[in-house]
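Some notes on the structure that comes next.
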Amino acid sequence: MKLFAKKIFNSKLLLFLRNNLNIKKNKFDLFNIKKNISVSDSFCWRTDKDFETIFRFSDILKNFYKIDKSKIIIIFYDKQGKFLKEILLDNLKQSENEIKIDKSFFNNLEDYGTFHVYHISNIDIKEKLMISNRCYVGYSKKKALPSFMHGNTYSSYAYINNHNIKYSNIVKNKILTNSIYKIQNYFDGYDRTELFFSNPTDQKIKFYLNGRFYELYKNESFIIETKTEKIFTIKSNCLFLRPVIFNYKNNFMDVFHA
């Protein structure tokens, strides 16, 4: 009976009503998935303004579940959310692996966007798995020492045994009301700040940053720069919209998620 009640409580209809009526909200919907999945963040990459992006990751299936025939797929999107390229990695080291994303990685493209990471295998896995590679992404400007941060927010998932089927409906949106998110950092004393926003959902997001209105479509991202604001408040129909922060002071840069 308890299991049945929990299933009803976490159904899509009840979840929609709970989130919009602010009754035991749940920002992420991963309850009703019955197959083995690999969950990805919406990681941001930059090759603009003399940036290079360093992505460090491990093979979770091999490290923790002893599945040797495992691979990793990384899919890249530009800032408009359009597909750029897909790479398949196998024969990975058991510990740390690294790829460098510079302008030559995208045929001299100097821009920014997002990428998703999925762990896949053709091995029939008996136990139910739900894995998420939070990974570390570093950002280097003009070949300086990179500043690293881990994943920012869940975005999409793929089936481990059938990666051709992908979903991006983990983070939920609201219709009746907006969520308010205040970044817990005081941005005083910096030369400038960049806020890297990306859409973690499969629907259009509307939001206000300190009263200014913006929209983000599926897989879309953009950077908002400011030099004077000290506190940031985000009001959005998305239940979990937080940017990646790039702070600049003299020749130093710090990167972290909000």
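Chain labels follow the order of the structure tokens: the first chain is A, the next B, and so on; residue numbering restarts at 1 in every chain, and ligands are counted from 1 in their shown order.
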Who sits within 9 Å of Lys103 (chain A), only C-alpha atoms, same chain under 2 positions skipped, as an mmCIF file with C-alpha atoms, in the first residue's frame:
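Below is the file part.cif, written as the result:
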data_model
loop_
_atom_site.group_PDB
_atom_site.id
_atom_site.type_symbol
_atom_site.label_atom_id
_atom_site.label_comp_id
_atom_site.auth_asym_id
_atom_site.auth_seq_id
_atom_site.Cartn_x
_atom_site.Cartn_y
_atom_site.Cartn_z
ATOM 1 C CA ARG A 46 34.039 27.837 -24.097
ATOM 2 C CA THR A 47 36.505 28.564 -26.884
ATOM 3 C CA ASP A 48 35.617 32.275 -27.145
ATOM 4 C CA ASP A 50 41.000 32.943 -25.719
ATOM 5 C CA PHE A 51 39.264 30.275 -23.593
ATOM 6 C CA GLU A 52 40.050 26.572 -23.552
ATOM 7 C CA ILE A 101 38.199 21.538 -26.006
ATOM 8 C CA PHE A 105 38.397 20.883 -31.576
ATOM 9 C CA PHE A 106 35.544 22.581 -33.475
ATOM 10 C CA ASN A 107 37.448 23.447 -36.681
ATOM 11 C CA ASN A 108 38.536 26.885 -35.415
ATOM 12 C CA LEU A 109 35.154 27.797 -33.934
ATOM 13 C CA GLU A 110 35.512 30.505 -31.275
ATOM 14 C CA ASP A 111 32.233 30.403 -29.377
#
Quick one: DSSP helix (DSSP H, G or I) residues in region 82-228 of chain A, as a JSON list (two decimals) with N, CA and C atoms, in the first residue's frame?
[["chain", "number", "residue", "atom", "x", "y", "z"],
["A", 103, "LYS", "N", 39.58, 25.81, -29.83],
["A", 103, "LYS", "CA", 38.94, 26.17, -31.10],
["A", 103, "LYS", "C", 39.24, 25.16, -32.21],
["A", 104, "SER", "N", 40.40, 24.50, -32.15],
["A", 104, "SER", "CA", 40.72, 23.49, -33.17],
["A", 104, "SER", "C", 39.83, 22.25, -33.02],
["A", 105, "PHE", "N", 39.31, 22.00, -31.82],
["A", 105, "PHE", "CA", 38.40, 20.88, -31.58],
["A", 105, "PHE", "C", 37.13, 21.04, -32.41],
["A", 106, "PHE", "N", 36.73, 22.29, -32.69],
["A", 106, "PHE", "CA", 35.54, 22.58, -33.47],
["A", 106, "PHE", "C", 35.90, 23.26, -34.80]]
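Distances from A:Ala158, A:Leu84, A:Val137, A:Ile67 to Phe55 (chain A) were compared using only C-alpha atoms, and the smallest one belongs to A:Val137.
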| Close residues, region 186-197 of chain A itself excluded, 6 Å, only C-alpha atoms, min 6 positions apart in chain, as a PyMOL selection string | chain A and resi 221-227+230-231+243-249
Same residues, C-alpha atoms, saved as a short mmCIF file (atom, residue, chain, number, x, y, z; two decimals), in the first residue's frame:
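Below is the file again18.cif, written as the result:
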data_model
loop_
_atom_site.label_atom_id
_atom_site.label_comp_id
_atom_site.auth_asym_id
_atom_site.auth_seq_id
_atom_site.Cartn_x
_atom_site.Cartn_y
_atom_site.Cartn_z
CA SER A 221 22.78 28.93 -23.72
CA PHE A 222 24.03 32.48 -23.42
CA ILE A 223 26.39 34.61 -21.33
CA ILE A 224 25.29 37.75 -19.50
CA GLU A 225 28.08 40.14 -18.46
CA THR A 226 27.87 42.75 -15.72
CA LYS A 227 30.34 45.09 -14.01
CA LYS A 230 26.50 42.98 -6.47
CA ILE A 231 23.50 40.69 -5.86
CA PRO A 243 24.15 29.73 -13.96
CA VAL A 244 27.87 29.06 -14.06
CA ILE A 245 29.73 32.10 -12.72
CA PHE A 246 32.95 33.54 -14.16
CA ASN A 247 34.47 36.20 -11.89
CA TYR A 248 37.38 38.38 -13.03
CA LYS A 249 39.82 40.45 -10.95
#
| Counting only C-alpha atoms, the option among A:Ser40, A:Ser198, A:Asn162, A:Gln184 closest to Met130 (chain A) | A:Ser40
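Once Phe240 (chain A) and its same-chain neighbours fewer than 4 positions away are set aside, Lys27, Phe28, Thr153, Val171, Lys172, Asn173, Ser179, Tyr181, Pro200 and Ser236 of chain A remain within 9 Å of it when counting only C-alpha atoms.
Our summary of the geometry notes that CA of Ala258 (chain A) is positioned 21.9 Å from CA of Asp78 (chain A).
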| task | Give me the residues within 7 Å of Tyr136 (chain A) as a VMD selection string, counting only C-alpha atoms and dropping any in the same chain fewer than 2 places off. | result | chain A and resid 55 to 57 134 138 148 to 151
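Taking only C-alpha atoms into account, Gly211 (chain A) lies nearest to A:Lys235 out of the set A:Lys235, A:Lys128, A:Asn199, A:Asn152.
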| field | DSSP strand (DSSP E) selection over region 10-250 of chain A, as a PyMOL selection string | value | chain A and resi 37-41+43-46+51-57+70-78+83-89+97-101+112-121+130-132+136-141+147-150+154-159+162-167+179-182+192-198+205-209+212-216+221-226+233-236+244-249
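Using only C-alpha atoms, the residues found no farther than 9 Å from Ser58 (chain A), other than those of its own chain fewer than 3 positions away, are Leu61, Lys62, Asn63, Leu92, Lys93, Gln94, Ser95, Glu96, Asn97, Glu98, Asn133 and Cys135 of chain A.
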Output N, CA and C atoms for every residue in the selection just made, as a compact mmCIF listing (two decimals), in the first residue's frame.
# COMPACT_ATOMS: atom_id res chain seq x y z
N LEU A 61 31.06 3.00 -15.18
CA LEU A 61 30.65 1.59 -15.34
C LEU A 61 31.81 0.63 -15.09
N LYS A 62 32.99 1.02 -15.55
CA LYS A 62 34.16 0.17 -15.34
C LYS A 62 34.66 0.26 -13.90
N ASN A 63 34.69 1.47 -13.35
CA ASN A 63 35.25 1.66 -12.01
C ASN A 63 34.41 1.03 -10.91
N LEU A 92 39.07 3.39 -22.20
CA LEU A 92 39.46 4.47 -21.31
C LEU A 92 40.28 3.98 -20.13
N LYS A 93 41.06 4.88 -19.59
CA LYS A 93 41.78 4.56 -18.36
C LYS A 93 40.79 4.41 -17.21
N GLN A 94 41.11 3.56 -16.26
CA GLN A 94 40.17 3.30 -15.18
C GLN A 94 40.02 4.51 -14.26
N SER A 95 41.08 5.32 -14.16
CA SER A 95 41.01 6.48 -13.27
C SER A 95 40.62 7.72 -14.07
N GLU A 96 41.50 8.67 -14.17
CA GLU A 96 41.14 9.95 -14.78
C GLU A 96 41.42 10.00 -16.26
N ASN A 97 40.45 10.51 -17.02
CA ASN A 97 40.61 10.75 -18.45
C ASN A 97 40.40 12.24 -18.71
N GLU A 98 40.94 12.72 -19.81
CA GLU A 98 40.85 14.16 -20.07
C GLU A 98 40.78 14.43 -21.56
N ASN A 133 27.49 11.11 -13.99
CA ASN A 133 28.88 11.53 -13.96
C ASN A 133 28.92 13.04 -13.73
N CYS A 135 31.55 14.79 -13.01
CA CYS A 135 32.73 15.25 -13.74
C CYS A 135 33.26 16.62 -13.32
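CA of Lys218 (chain A) is positioned 10.4 Å from CA of Asn169 (chain A).
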| query | CA of Thr201 (chain A) to CA of Ile75 (chain A): how many Å, to one decimal? | reply | 15.9 Å
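Proximity of A:Tyr159, A:Phe256, A:Tyr139, A:Tyr154 to Asp41 (chain A), computed with only C-alpha atoms, is greatest for A:Tyr154.
Considering the residues A:Gln80, A:Thr53, A:Ser38, A:Asn210 and counting only C-alpha atoms, Ala144 (chain A) has its shortest atom-to-atom contact with A:Thr53.
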